[in-house]
$ cat structure.cif   # mmCIF, C-alpha atoms
data_coords
loop_
_atom_site.group_PDB
_atom_site.id
_atom_site.type_symbol
_atom_site.label_atom_id
_atom_site.label_comp_id
_atom_site.auth_asym_id
_atom_site.auth_seq_id
_atom_site.Cartn_x
_atom_site.Cartn_y
_atom_site.Cartn_z
ATOM 1 C CA MET A 1 -2.308 -12.071 -35.081
ATOM 2 C CA LEU A 2 -0.165 -11.503 -32.020
ATOM 3 C CA PHE A 3 0.299 -7.939 -30.853
ATOM 4 C CA THR A 4 3.855 -6.621 -31.288
ATOM 5 C CA PRO A 5 5.701 -3.782 -29.521
ATOM 6 C CA ARG A 6 4.408 -1.467 -32.249
ATOM 7 C CA THR A 7 0.741 -2.374 -31.919
ATOM 8 C CA PRO A 8 -1.071 0.818 -30.808
ATOM 9 C CA ARG A 9 -2.664 -0.807 -27.735
ATOM 10 C CA VAL A 10 0.714 -2.091 -26.603
ATOM 11 C CA VAL A 11 2.273 1.314 -27.218
ATOM 12 C CA ALA A 12 -0.484 2.985 -25.186
ATOM 13 C CA ALA A 13 -0.040 0.537 -22.320
ATOM 14 C CA ARG A 14 3.740 1.011 -22.312
ATOM 15 C CA ARG A 15 3.230 4.717 -21.668
ATOM 16 C CA LEU A 16 1.825 3.775 -18.260
ATOM 17 C CA HIS A 17 5.400 3.215 -17.090
ATOM 18 C CA ARG A 18 5.460 7.019 -16.759
ATOM 19 C CA ARG A 19 3.715 8.662 -13.842
ATOM 20 C CA ARG A 20 2.358 11.521 -15.917
ATOM 21 C CA ASP A 21 0.576 9.075 -18.216
ATOM 22 C CA ARG A 22 -0.793 7.091 -15.274
ATOM 23 C CA GLU A 23 -2.198 10.303 -13.810
ATOM 24 C CA ALA A 24 -3.608 11.464 -17.148
ATOM 25 C CA THR A 25 -5.389 8.190 -17.888
ATOM 26 C CA GLY A 26 -6.192 6.903 -14.398
ATOM 27 C CA ARG A 27 -4.621 3.587 -15.416
ATOM 28 C CA PHE A 28 -1.604 1.552 -14.320
ATOM 29 C CA LEU A 29 0.021 -1.812 -15.033
ATOM 30 C CA ALA A 30 -0.067 -4.915 -12.827
ATOM 31 C CA GLU A 31 2.554 -7.477 -13.801
ATOM 32 C CA GLY A 32 2.650 -11.204 -13.138
ATOM 33 C CA PRO A 33 0.016 -13.843 -12.320
ATOM 34 C CA GLN A 34 -0.275 -12.986 -8.610
ATOM 35 C CA ALA A 35 -1.019 -9.319 -9.236
ATOM 36 C CA VAL A 36 -3.334 -10.153 -12.145
ATOM 37 C CA ARG A 37 -5.248 -12.667 -10.027
ATOM 38 C CA GLU A 38 -5.820 -10.147 -7.225
ATOM 39 C CA ALA A 39 -6.759 -7.402 -9.681
ATOM 40 C CA LEU A 40 -9.329 -9.602 -11.421
ATOM 41 C CA ALA A 41 -10.909 -10.340 -8.045
ATOM 42 C CA VAL A 42 -11.985 -6.682 -7.843
ATOM 43 C CA PRO A 43 -14.849 -6.114 -10.308
ATOM 44 C CA GLY A 44 -14.245 -3.429 -12.904
ATOM 45 C CA VAL A 45 -10.564 -2.828 -12.125
ATOM 46 C CA VAL A 46 -8.901 -4.643 -15.050
ATOM 47 C CA THR A 47 -9.527 -3.094 -18.462
ATOM 48 C CA GLU A 48 -7.263 -5.335 -20.579
ATOM 49 C CA LEU A 49 -5.087 -8.396 -20.099
ATOM 50 C CA PHE A 50 -1.979 -8.925 -22.200
ATOM 51 C CA GLY A 51 -0.252 -12.293 -22.281
ATOM 52 C CA THR A 52 2.041 -14.426 -24.359
ATOM 53 C CA PRO A 53 0.392 -17.567 -25.772
ATOM 54 C CA ALA A 54 2.452 -19.723 -23.398
ATOM 55 C CA ALA A 55 1.431 -17.695 -20.357
ATOM 56 C CA LEU A 56 -2.242 -17.573 -21.326
ATOM 57 C CA ASP A 57 -2.132 -21.335 -21.686
ATOM 58 C CA ARG A 58 -0.316 -21.820 -18.376
ATOM 59 C CA TYR A 59 -2.678 -19.470 -16.537
ATOM 60 C CA ALA A 60 -5.792 -20.413 -18.466
ATOM 61 C CA GLU A 61 -8.002 -19.864 -15.421
ATOM 62 C CA LEU A 62 -6.976 -16.198 -15.290
ATOM 63 C CA ALA A 63 -7.581 -15.741 -19.003
ATOM 64 C CA ALA A 64 -11.006 -17.341 -18.598
ATOM 65 C CA LEU A 65 -11.782 -15.179 -15.585
ATOM 66 C CA ALA A 66 -10.880 -12.057 -17.542
ATOM 67 C CA ALA A 67 -12.901 -13.093 -20.592
ATOM 68 C CA GLY A 68 -15.851 -13.974 -18.381
ATOM 69 C CA GLY A 69 -15.761 -10.435 -17.001
ATOM 70 C CA ASP A 70 -15.753 -8.902 -20.501
ATOM 71 C CA VAL A 71 -12.087 -7.934 -20.152
ATOM 72 C CA PRO A 72 -10.261 -8.042 -23.524
ATOM 73 C CA VAL A 73 -7.553 -10.717 -23.536
ATOM 74 C CA SER A 74 -4.816 -9.840 -26.024
ATOM 75 C CA GLU A 75 -2.097 -12.240 -27.127
ATOM 76 C CA VAL A 76 1.296 -10.597 -27.521
ATOM 77 C CA THR A 77 4.719 -11.599 -28.767
ATOM 78 C CA ASP A 78 7.528 -12.197 -26.309
ATOM 79 C CA ASP A 79 9.079 -8.898 -27.380
ATOM 80 C CA ALA A 80 5.845 -7.036 -26.706
ATOM 81 C CA LEU A 81 5.548 -8.606 -23.267
ATOM 82 C CA VAL A 82 9.121 -7.577 -22.453
ATOM 83 C CA ALA A 83 8.242 -4.033 -23.509
ATOM 84 C CA LEU A 84 5.206 -4.004 -21.207
ATOM 85 C CA ALA A 85 6.977 -5.561 -18.223
ATOM 86 C CA GLU A 86 9.567 -3.955 -15.956
ATOM 87 C CA THR A 87 11.129 -7.087 -14.483
ATOM 88 C CA VAL A 88 14.179 -8.889 -15.836
ATOM 89 C CA ALA A 89 12.333 -12.212 -16.161
ATOM 90 C CA PRO A 90 8.644 -11.407 -16.746
ATOM 91 C CA GLN A 91 6.063 -14.127 -16.155
ATOM 92 C CA GLY A 92 4.053 -13.507 -19.288
ATOM 93 C CA LEU A 93 1.023 -11.561 -18.023
ATOM 94 C CA VAL A 94 0.416 -7.815 -17.690
ATOM 95 C CA ALA A 95 -2.950 -6.245 -16.865
ATOM 96 C CA VAL A 96 -4.053 -2.668 -17.451
ATOM 97 C CA CYS A 97 -5.940 -1.560 -14.339
ATOM 98 C CA ARG A 98 -7.977 1.428 -13.212
ATOM 99 C CA HIS A 99 -6.741 3.500 -10.297
ATOM 100 C CA LEU A 100 -8.161 2.374 -6.961
ATOM 101 C CA ASP A 101 -8.134 5.676 -5.051
ATOM 102 C CA VAL A 102 -10.666 6.101 -2.259
ATOM 103 C CA PRO A 103 -11.318 9.499 -0.609
ATOM 104 C CA LEU A 104 -10.142 9.609 2.999
ATOM 105 C CA ASP A 105 -13.592 10.370 4.421
ATOM 106 C CA ARG A 106 -15.108 7.380 2.623
ATOM 107 C CA ALA A 107 -12.324 5.094 3.833
ATOM 108 C CA LEU A 108 -12.828 6.247 7.431
ATOM 109 C CA ASP A 109 -16.606 5.807 7.125
ATOM 110 C CA ARG A 110 -15.876 2.078 6.783
ATOM 111 C CA ARG A 111 -14.400 2.215 10.283
ATOM 112 C CA PRO A 112 -11.093 0.407 9.820
ATOM 113 C CA GLY A 113 -9.461 -0.564 13.083
ATOM 114 C CA LEU A 114 -5.953 -0.008 11.780
ATOM 115 C CA VAL A 115 -4.589 2.573 9.324
ATOM 116 C CA ALA A 116 -1.074 3.041 7.949
ATOM 117 C CA VAL A 117 -0.015 6.505 6.776
ATOM 118 C CA LEU A 118 3.015 6.651 4.475
ATOM 119 C CA ALA A 119 4.167 10.244 4.841
ATOM 120 C CA GLU A 120 6.708 11.524 2.322
ATOM 121 C CA ILE A 121 7.935 7.959 1.619
ATOM 122 C CA ARG A 122 9.467 8.102 -1.833
ATOM 123 C CA ASP A 123 11.072 4.696 -2.251
ATOM 124 C CA PRO A 124 8.579 2.515 -4.155
ATOM 125 C CA GLY A 125 9.988 -0.763 -2.852
ATOM 126 C CA ASN A 126 9.673 0.380 0.768
ATOM 127 C CA ALA A 127 6.202 1.793 0.180
ATOM 128 C CA GLY A 128 4.933 -1.378 -1.478
ATOM 129 C CA THR A 129 6.414 -3.553 1.269
ATOM 130 C CA VAL A 130 4.777 -1.464 4.006
ATOM 131 C CA LEU A 131 1.478 -1.650 2.113
ATOM 132 C CA ARG A 132 1.789 -5.444 1.958
ATOM 133 C CA THR A 133 2.629 -5.602 5.665
ATOM 134 C CA ALA A 134 -0.302 -3.343 6.556
ATOM 135 C CA ASP A 135 -2.643 -5.626 4.631
ATOM 136 C CA ALA A 136 -1.221 -8.708 6.346
ATOM 137 C CA ALA A 137 -1.693 -7.072 9.758
ATOM 138 C CA GLY A 138 -5.336 -6.335 8.974
ATOM 139 C CA ALA A 139 -5.148 -2.629 8.195
ATOM 140 C CA GLY A 140 -8.138 -1.537 6.159
ATOM 141 C CA THR A 141 -6.647 1.700 4.825
ATOM 142 C CA VAL A 142 -3.235 2.827 3.607
ATOM 143 C CA VAL A 143 -2.707 6.548 3.043
ATOM 144 C CA PHE A 144 0.000 7.918 0.736
ATOM 145 C CA ALA A 145 0.409 11.428 2.091
ATOM 146 C CA GLY A 146 2.329 14.489 0.978
ATOM 147 C CA ASP A 147 5.146 14.052 -1.507
ATOM 148 C CA ALA A 148 4.933 10.270 -1.327
ATOM 149 C CA VAL A 149 5.665 7.817 -4.100
ATOM 150 C CA ASP A 150 2.924 7.052 -6.579
ATOM 151 C CA PRO A 151 1.227 3.869 -5.273
ATOM 152 C CA TYR A 152 0.807 2.799 -8.917
ATOM 153 C CA ASN A 153 4.528 2.915 -9.628
ATOM 154 C CA GLY A 154 5.445 -0.484 -11.078
ATOM 155 C CA LYS A 155 7.965 -1.334 -8.348
ATOM 156 C CA CYS A 156 5.479 -0.354 -5.643
ATOM 157 C CA VAL A 157 2.761 -2.476 -7.231
ATOM 158 C CA ARG A 158 5.080 -5.479 -7.424
ATOM 159 C CA ALA A 159 6.362 -5.027 -3.856
ATOM 160 C CA SER A 160 2.777 -4.998 -2.583
ATOM 161 C CA ALA A 161 2.371 -8.561 -3.954
ATOM 162 C CA GLY A 162 -1.326 -8.011 -4.684
ATOM 163 C CA SER A 163 -2.129 -6.207 -1.428
ATOM 164 C CA LEU A 164 -2.720 -3.004 -3.381
ATOM 165 C CA PHE A 165 -6.052 -4.568 -4.389
ATOM 166 C CA HIS A 166 -7.044 -5.553 -0.836
ATOM 167 C CA VAL A 167 -7.060 -2.254 1.064
ATOM 168 C CA ASP A 168 -8.490 1.214 0.616
ATOM 169 C CA VAL A 169 -5.729 3.263 -1.019
ATOM 170 C CA VAL A 170 -5.938 6.964 -0.187
ATOM 171 C CA ARG A 171 -3.810 9.732 -1.660
ATOM 172 C CA ALA A 172 -3.712 13.024 0.223
ATOM 173 C CA ASP A 173 -1.726 16.204 -0.354
ATOM 174 C CA ASP A 174 -1.386 17.400 3.250
ATOM 175 C CA PRO A 175 -0.266 14.874 5.896
ATOM 176 C CA VAL A 176 -1.190 17.231 8.742
ATOM 177 C CA GLU A 177 -4.768 17.406 7.466
ATOM 178 C CA VAL A 178 -4.781 13.600 7.331
ATOM 179 C CA VAL A 179 -3.794 13.491 11.012
ATOM 180 C CA ALA A 180 -6.561 15.946 11.892
ATOM 181 C CA ALA A 181 -9.143 13.852 10.018
ATOM 182 C CA LEU A 182 -7.960 10.671 11.727
ATOM 183 C CA ARG A 183 -8.157 12.218 15.182
ATOM 184 C CA ALA A 184 -11.609 13.615 14.438
ATOM 185 C CA ALA A 185 -12.684 10.092 13.435
ATOM 186 C CA GLY A 186 -11.567 8.730 16.806
ATOM 187 C CA PHE A 187 -8.203 7.233 15.927
ATOM 188 C CA ALA A 188 -5.191 7.298 18.175
ATOM 189 C CA VAL A 189 -2.469 8.681 15.908
ATOM 190 C CA LEU A 190 1.004 7.339 16.669
ATOM 191 C CA ALA A 191 4.162 8.700 15.086
ATOM 192 C CA THR A 192 7.122 6.343 14.727
ATOM 193 C CA THR A 193 10.459 7.856 15.646
ATOM 194 C CA GLY A 194 13.657 6.547 17.151
ATOM 195 C CA TYR A 195 13.514 9.387 19.669
ATOM 196 C CA GLY A 196 9.934 8.880 20.822
ATOM 197 C CA GLU A 197 9.066 9.298 24.467
ATOM 198 C CA GLU A 198 6.820 6.224 24.400
ATOM 199 C CA ASP A 199 8.214 2.684 24.181
ATOM 200 C CA LEU A 200 6.242 0.346 21.912
ATOM 201 C CA ASP A 201 6.526 -2.584 24.329
ATOM 202 C CA ASP A 202 5.268 -0.441 27.205
ATOM 203 C CA LEU A 203 2.241 0.665 25.171
ATOM 204 C CA ALA A 204 1.454 -2.933 24.286
ATOM 205 C CA ASP A 205 1.899 -4.201 27.846
ATOM 206 C CA ALA A 206 -0.382 -1.469 29.166
ATOM 207 C CA GLY A 207 -3.148 -2.377 26.699
ATOM 208 C CA ARG A 208 -2.891 0.980 24.978
ATOM 209 C CA LEU A 209 -2.833 -0.357 21.401
ATOM 210 C CA ALA A 210 -6.275 -1.948 21.376
ATOM 211 C CA ALA A 211 -8.109 1.191 20.267
ATOM 212 C CA PRO A 212 -8.505 2.130 16.583
ATOM 213 C CA THR A 213 -5.025 3.289 15.645
ATOM 214 C CA ALA A 214 -3.299 5.078 12.794
ATOM 215 C CA TRP A 215 0.468 4.676 12.491
ATOM 216 C CA LEU A 216 2.552 7.384 10.823
ATOM 217 C CA PHE A 217 5.631 6.162 8.949
ATOM 218 C CA GLY A 218 8.230 8.449 7.409
ATOM 219 C CA SER A 219 10.989 7.942 4.887
ATOM 220 C CA GLU A 220 13.915 5.754 5.848
ATOM 221 C CA ALA A 221 16.389 8.544 5.127
ATOM 222 C CA HIS A 222 14.676 11.493 6.818
ATOM 223 C CA GLY A 223 11.981 10.097 9.084
ATOM 224 C CA LEU A 224 8.761 11.972 9.723
ATOM 225 C CA PRO A 225 8.477 15.741 9.232
ATOM 226 C CA ARG A 226 8.517 17.565 12.575
ATOM 227 C CA ALA A 227 5.028 18.954 12.029
ATOM 228 C CA LEU A 228 3.659 15.412 11.850
ATOM 229 C CA THR A 229 5.420 14.117 14.943
ATOM 230 C CA GLU A 230 4.097 17.108 16.869
ATOM 231 C CA ALA A 231 0.566 16.634 15.516
ATOM 232 C CA ALA A 232 0.408 12.972 16.593
ATOM 233 C CA ASP A 233 -1.072 11.828 19.895
ATOM 234 C CA ALA A 234 2.163 10.104 20.842
ATOM 235 C CA ARG A 235 5.657 9.583 19.499
ATOM 236 C CA VAL A 236 6.650 5.926 19.709
ATOM 237 C CA ARG A 237 10.029 4.229 19.461
ATOM 238 C CA VAL A 238 10.606 0.554 18.726
ATOM 239 C CA PRO A 239 12.883 -0.816 21.469
ATOM 240 C CA LEU A 240 16.256 -2.137 20.345
ATOM 241 C CA HIS A 241 17.460 -4.914 22.607
ATOM 242 C CA GLY A 242 20.654 -5.663 20.727
ATOM 243 C CA ARG A 243 23.434 -3.535 19.319
ATOM 244 C CA ALA A 244 21.806 -2.558 16.008
ATOM 245 C CA GLU A 245 21.598 1.187 15.502
ATOM 246 C CA SER A 246 18.099 1.056 14.054
ATOM 247 C CA LEU A 247 15.539 -0.924 12.082
ATOM 248 C CA ASN A 248 14.777 -0.258 8.457
ATOM 249 C CA LEU A 249 11.391 1.183 7.565
ATOM 250 C CA ALA A 250 9.719 -2.059 6.529
ATOM 251 C CA ALA A 251 10.866 -3.905 9.658
ATOM 252 C CA ALA A 252 9.808 -1.104 11.995
ATOM 253 C CA ALA A 253 6.419 -0.869 10.280
ATOM 254 C CA ALA A 254 5.910 -4.620 10.642
ATOM 255 C CA VAL A 255 6.675 -4.527 14.371
ATOM 256 C CA CYS A 256 4.322 -1.594 14.987
ATOM 257 C CA LEU A 257 1.444 -2.832 12.859
ATOM 258 C CA TYR A 258 1.557 -6.345 14.272
ATOM 259 C CA SER A 259 1.686 -4.993 17.826
ATOM 260 C CA SER A 260 -1.577 -3.185 17.122
ATOM 261 C CA ALA A 261 -3.060 -6.194 15.323
ATOM 262 C CA LYS A 262 -2.299 -8.448 18.290
ATOM 263 C CA ALA A 263 -3.743 -5.968 20.777
ATOM 264 C CA GLN A 264 -6.914 -5.458 18.765
ATOM 265 C CA ARG A 265 -7.554 -9.196 18.536
ATOM 266 C CA ARG A 266 -6.879 -9.980 22.188
ATOM 267 C CA PRO A 267 -9.894 -10.160 24.557
ATOM 268 C CA VAL A 268 -9.887 -6.901 26.492
ATOM 269 C CA SER A 269 -11.305 -6.409 29.984
ATOM 270 C CA GLY A 270 -10.303 -2.774 30.044
ATOM 271 C CA ARG A 271 -8.981 -0.473 27.347
ATOM 272 C CA ALA A 272 -6.287 2.091 28.033
ATOM 273 C CA ASP A 273 -6.210 5.466 26.314
ATOM 274 C CA VAL A 274 -3.060 5.646 24.230
ATOM 275 C CA THR A 275 -2.349 9.248 25.197
ATOM 276 C CA THR A 276 -3.014 9.118 28.942
ATOM 277 C CA GLY A 277 -2.748 5.458 29.868
ATOM 278 C CA GLU A 278 -6.058 5.673 31.799
ATOM 279 C CA THR A 279 -8.103 2.483 31.627
ATOM 280 C CA SER A 280 -11.815 2.395 30.873
ATOM 281 C CA ARG A 281 -14.212 -0.529 31.188
ATOM 282 C CA PRO A 282 -16.262 -1.661 28.188
#

$ encode --input "structure.cif" --output "structure tokens"
Amino acid sequence: MLFTPRTPRVVAARRLHRRRDREATGRFLAEGPQAVREALAVPGVVTELFGTPAALDRYAELAALAAGGDVPVSEVTDDALVALAETVAPQGLVAVCRHLDVPLDRALDRRPGLVAVLAEIRDPGNAGTVLRTADAAGAGTVVFAGDAVDPYNGKCVRASAGSLFHVDVVRADDPVEVVAALRAAGFAVLATTGYGEEDLDDLADAGRLAAPTAWLFGSEAHGLPRALTEAADARVRVPLHGRAESLNLAAAAAVCLYSSAKAQRRPVSGRADVTTGETSRP
């Protein structure tokens, strides 16, 4: 029999729309075939797959992949799927997943070359988009710091387009402590601000973005807290060559992260310290 909106397992999964239930259970929902595919690629993350008969037939390879990994595959009615999904036109698949949190020290032990820190960012769409951009730029770690949005919020998960399952996701209470840990691990910590004394293009041209770097991004409405900008090694502004007043958060993050990605992949004859500009030879 197909599960309905009143089936206990569907009811339990629906509760994961609420943050308190996600925190209590250590579970969240991943909606749609793209997110389900990326989640299934990480062993042990998916605990159950719900799908309408039509969707399980259309995405038979995902259903087979789940079943082959001993993940229960549960057929649900269209009404039950609508109850589980948060989008207007759901694509028929919803997976229950375990939280992916990694402690900061473990993430840094893996020596990522690029880290994105989302400090006090509360908009889930912005946060998920920055996470996706960080993944695309090659960042190995994304930190949700302070009073930031829950990375397992449904809108954030969808905006990440599967990238949530590709990077180390770290949640930390104190952004200033995150900065201290990053600096102790050898990262250049750069704070993004429209009033920064350093110009992003100048840093790139001087070869000062090739070192392991952590970028600090604040909320679109309020920017970074003052304590964080002061704790960073440098405060960096994205140059505006036209008449626009500013860039939105996702665009600014993309420019900064890709500037670092390009610098880190370019052959380097000498590497400049991001804080002093002094060049050392390898």

$ closest_residue --input "structure.cif" --among "A:Ala251, A:Ala134, A:Val143, A:Ile121" --to "His166 of chain A" --atoms "only C-alpha atoms"
A:Ala134

$ atom_distance --input "structure.cif" --atom1 "atom CA of Pro72 of chain A" --atom2 "atom CA of Arg9 of chain A"
11.3 Å

$ resolve_selection --input "structure.cif" --expression "the PyMOL selection byres ((chain A and resi 111) around 12)" --output "PDB file with C-alpha atoms, in the frame of the given file"
ATOM      1  CA  LEU A 104     -10.142   9.609   2.999  1.00  0.00           C
ATOM      2  CA  ASP A 105     -13.592  10.370   4.421  1.00  0.00           C
ATOM      3  CA  ARG A 106     -15.108   7.380   2.623  1.00  0.00           C
ATOM      4  CA  ALA A 107     -12.324   5.094   3.833  1.00  0.00           C
ATOM      5  CA  LEU A 108     -12.828   6.247   7.431  1.00  0.00           C
ATOM      6  CA  ASP A 109     -16.606   5.807   7.125  1.00  0.00           C
ATOM      7  CA  ARG A 110     -15.876   2.078   6.783  1.00  0.00           C
ATOM      8  CA  PRO A 112     -11.093   0.407   9.820  1.00  0.00           C
ATOM      9  CA  GLY A 113      -9.461  -0.564  13.083  1.00  0.00           C
ATOM     10  CA  LEU A 114      -5.953  -0.008  11.780  1.00  0.00           C
ATOM     11  CA  VAL A 115      -4.589   2.573   9.324  1.00  0.00           C
ATOM     12  CA  ALA A 139      -5.148  -2.629   8.195  1.00  0.00           C
ATOM     13  CA  GLY A 140      -8.138  -1.537   6.159  1.00  0.00           C
ATOM     14  CA  THR A 141      -6.647   1.700   4.825  1.00  0.00           C
ATOM     15  CA  ASP A 168      -8.490   1.214   0.616  1.00  0.00           C
ATOM     16  CA  LEU A 182      -7.960  10.671  11.727  1.00  0.00           C
ATOM     17  CA  ALA A 185     -12.684  10.092  13.435  1.00  0.00           C
ATOM     18  CA  GLY A 186     -11.567   8.730  16.806  1.00  0.00           C
ATOM     19  CA  PHE A 187      -8.203   7.233  15.927  1.00  0.00           C
ATOM     20  CA  ALA A 211      -8.109   1.191  20.267  1.00  0.00           C
ATOM     21  CA  PRO A 212      -8.505   2.130  16.583  1.00  0.00           C
ATOM     22  CA  THR A 213      -5.025   3.289  15.645  1.00  0.00           C
ATOM     23  CA  ALA A 214      -3.299   5.078  12.794  1.00  0.00           C
TER      24      ALA A 214
END

$ closest_residue --input "structure.cif" --among "A:Arg266, A:Arg18, A:Arg37, A:Arg235" --to "Ala64 of chain A" --atoms "all atoms listed in the file"
A:Arg37

$ resolve_selection --input "structure.cif" --expression "the PyMOL selection byres ((chain A and resi 102) around 6)" --output "list in words"
Asp101, Pro103, Val169 and Val170 of chain A

$ resolve_selection --input "structure.cif" --expression "the PyMOL selection byres ((chain A and resi 164) around 9)" --output "PyMOL selection string"
chain A and resi 35+38-39+100+128+131-132+135+151-152+156-157+160-163+165-169

$ write_last_selection --input "structure.cif" --atoms "C-alpha atoms" --output "PDB file, keeping the file's coordinate frame"
ATOM      1  CA  ALA A  35      -1.019  -9.319  -9.236  1.00  0.00           C
ATOM      2  CA  GLU A  38      -5.820 -10.147  -7.225  1.00  0.00           C
ATOM      3  CA  ALA A  39      -6.759  -7.402  -9.681  1.00  0.00           C
ATOM      4  CA  LEU A 100      -8.161   2.374  -6.961  1.00  0.00           C
ATOM      5  CA  GLY A 128       4.933  -1.378  -1.478  1.00  0.00           C
ATOM      6  CA  LEU A 131       1.478  -1.650   2.113  1.00  0.00           C
ATOM      7  CA  ARG A 132       1.789  -5.444   1.958  1.00  0.00           C
ATOM      8  CA  ASP A 135      -2.643  -5.626   4.631  1.00  0.00           C
ATOM      9  CA  PRO A 151       1.227   3.869  -5.273  1.00  0.00           C
ATOM     10  CA  TYR A 152       0.807   2.799  -8.917  1.00  0.00           C
ATOM     11  CA  CYS A 156       5.479  -0.354  -5.643  1.00  0.00           C
ATOM     12  CA  VAL A 157       2.761  -2.476  -7.231  1.00  0.00           C
ATOM     13  CA  SER A 160       2.777  -4.998  -2.583  1.00  0.00           C
ATOM     14  CA  ALA A 161       2.371  -8.561  -3.954  1.00  0.00           C
ATOM     15  CA  GLY A 162      -1.326  -8.011  -4.684  1.00  0.00           C
ATOM     16  CA  SER A 163      -2.129  -6.207  -1.428  1.00  0.00           C
ATOM     17  CA  PHE A 165      -6.052  -4.568  -4.389  1.00  0.00           C
ATOM     18  CA  HIS A 166      -7.044  -5.553  -0.836  1.00  0.00           C
ATOM     19  CA  VAL A 167      -7.060  -2.254   1.064  1.00  0.00           C
ATOM     20  CA  ASP A 168      -8.490   1.214   0.616  1.00  0.00           C
ATOM     21  CA  VAL A 169      -5.729   3.263  -1.019  1.00  0.00           C
TER      22      VAL A 169
END

$ residues_around --input "structure.cif" --residues "Gln91 of chain A" --least-positions-apart "5" --cutoff "8 Å" --atoms "all atoms listed in the file" --output "JSON, numbers by chain"
{"A": [31, 32, 33, 55]}

$ closest_residue --input "structure.cif" --among "A:Val45, A:Ala13, A:Ala234, A:Val36" --to "Thr192 of chain A" --atoms "all atoms listed in the file"
A:Ala234

$ residues_around --input "structure.cif" --residues "Ser219 of chain A" --least-positions-apart "5" --cutoff "12 Å" --atoms "all atoms listed in the file" --output "MDAnalysis selection string"
chainID A and resid 117:127 130 144:149 192:193 224:225 248:250 252:253

$ closest_residue --input "structure.cif" --among "A:Ala116, A:Arg22, A:Leu93, A:Ala137" --to "Arg58 of chain A" --atoms "only C-alpha atoms"
A:Leu93

$ residues_near_point --input "structure.cif" --point "(7.2, -4.6, 17.1)" --cutoff "10 Å" --atoms "all atoms listed in the file" --output "tab-separated table (two decimals) with C-alpha atoms, in the coordinates of the input"
chain	number	residue	atom	x	y	z
A	200	LEU	CA	6.24	0.35	21.91
A	201	ASP	CA	6.53	-2.58	24.33
A	204	ALA	CA	1.45	-2.93	24.29
A	237	ARG	CA	10.03	4.23	19.46
A	238	VAL	CA	10.61	0.55	18.73
A	239	PRO	CA	12.88	-0.82	21.47
A	240	LEU	CA	16.26	-2.14	20.34
A	251	ALA	CA	10.87	-3.90	9.66
A	252	ALA	CA	9.81	-1.10	12.00
A	253	ALA	CA	6.42	-0.87	10.28
A	254	ALA	CA	5.91	-4.62	10.64
A	255	VAL	CA	6.68	-4.53	14.37
A	256	CYS	CA	4.32	-1.59	14.99
A	257	LEU	CA	1.44	-2.83	12.86
A	258	TYR	CA	1.56	-6.34	14.27
A	259	SER	CA	1.69	-4.99	17.83
A	260	SER	CA	-1.58	-3.18	17.12

$ axis_aligned_box --input "structure.cif" --around "segment 221-235 of chain A" --padding-each-side "8 Å" --output "JSON"
{"center_x": 7.7, "center_y": 13.7, "center_z": 13.0, "size_x": 33.5, "size_y": 26.4, "size_z": 31.7}

$ atom_distance --input "structure.cif" --atom1 "atom CA of Ala206 of chain A" --atom2 "atom CA of Thr229 of chain A"
21.9 Å

$ decode --input "structure.cif" --residues "segment 137-144 of chain A" --atoms "N, CA, C and O atoms" --output "tab-separated table (two decimals), in the first residue's frame"
chain	number	residue	atom	x	y	z
A	137	ALA	N	33.93	26.74	-6.64
A	137	ALA	CA	35.25	27.37	-6.67
A	137	ALA	C	36.33	26.48	-6.07
A	137	ALA	O	37.51	26.84	-6.09
A	138	GLY	N	35.94	25.34	-5.52
A	138	GLY	CA	36.91	24.41	-4.97
A	138	GLY	C	37.14	24.51	-3.48
A	138	GLY	O	38.08	23.91	-2.95
A	139	ALA	N	36.29	25.25	-2.78
A	139	ALA	CA	36.43	25.33	-1.32
A	139	ALA	C	36.13	23.97	-0.71
A	139	ALA	O	35.15	23.32	-1.08
A	140	GLY	N	36.94	23.57	0.25
A	140	GLY	CA	36.73	22.27	0.88
A	140	GLY	C	35.85	22.34	2.11
A	140	GLY	O	35.31	21.32	2.55
A	141	THR	N	35.70	23.56	2.68
A	141	THR	CA	34.97	23.72	3.93
A	141	THR	C	34.11	24.96	3.88
A	141	THR	O	34.54	26.01	3.39
A	142	VAL	N	32.88	24.84	4.38
A	142	VAL	CA	31.99	25.99	4.54
A	142	VAL	C	31.54	26.02	6.00
A	142	VAL	O	31.01	25.03	6.50
A	143	VAL	N	31.78	27.16	6.65
A	143	VAL	CA	31.47	27.30	8.07
A	143	VAL	C	30.24	28.19	8.24
A	143	VAL	O	30.21	29.31	7.72
A	144	PHE	N	29.24	27.70	8.96
A	144	PHE	CA	28.08	28.50	9.34
A	144	PHE	C	28.35	28.96	10.77
A	144	PHE	O	28.31	28.15	11.70
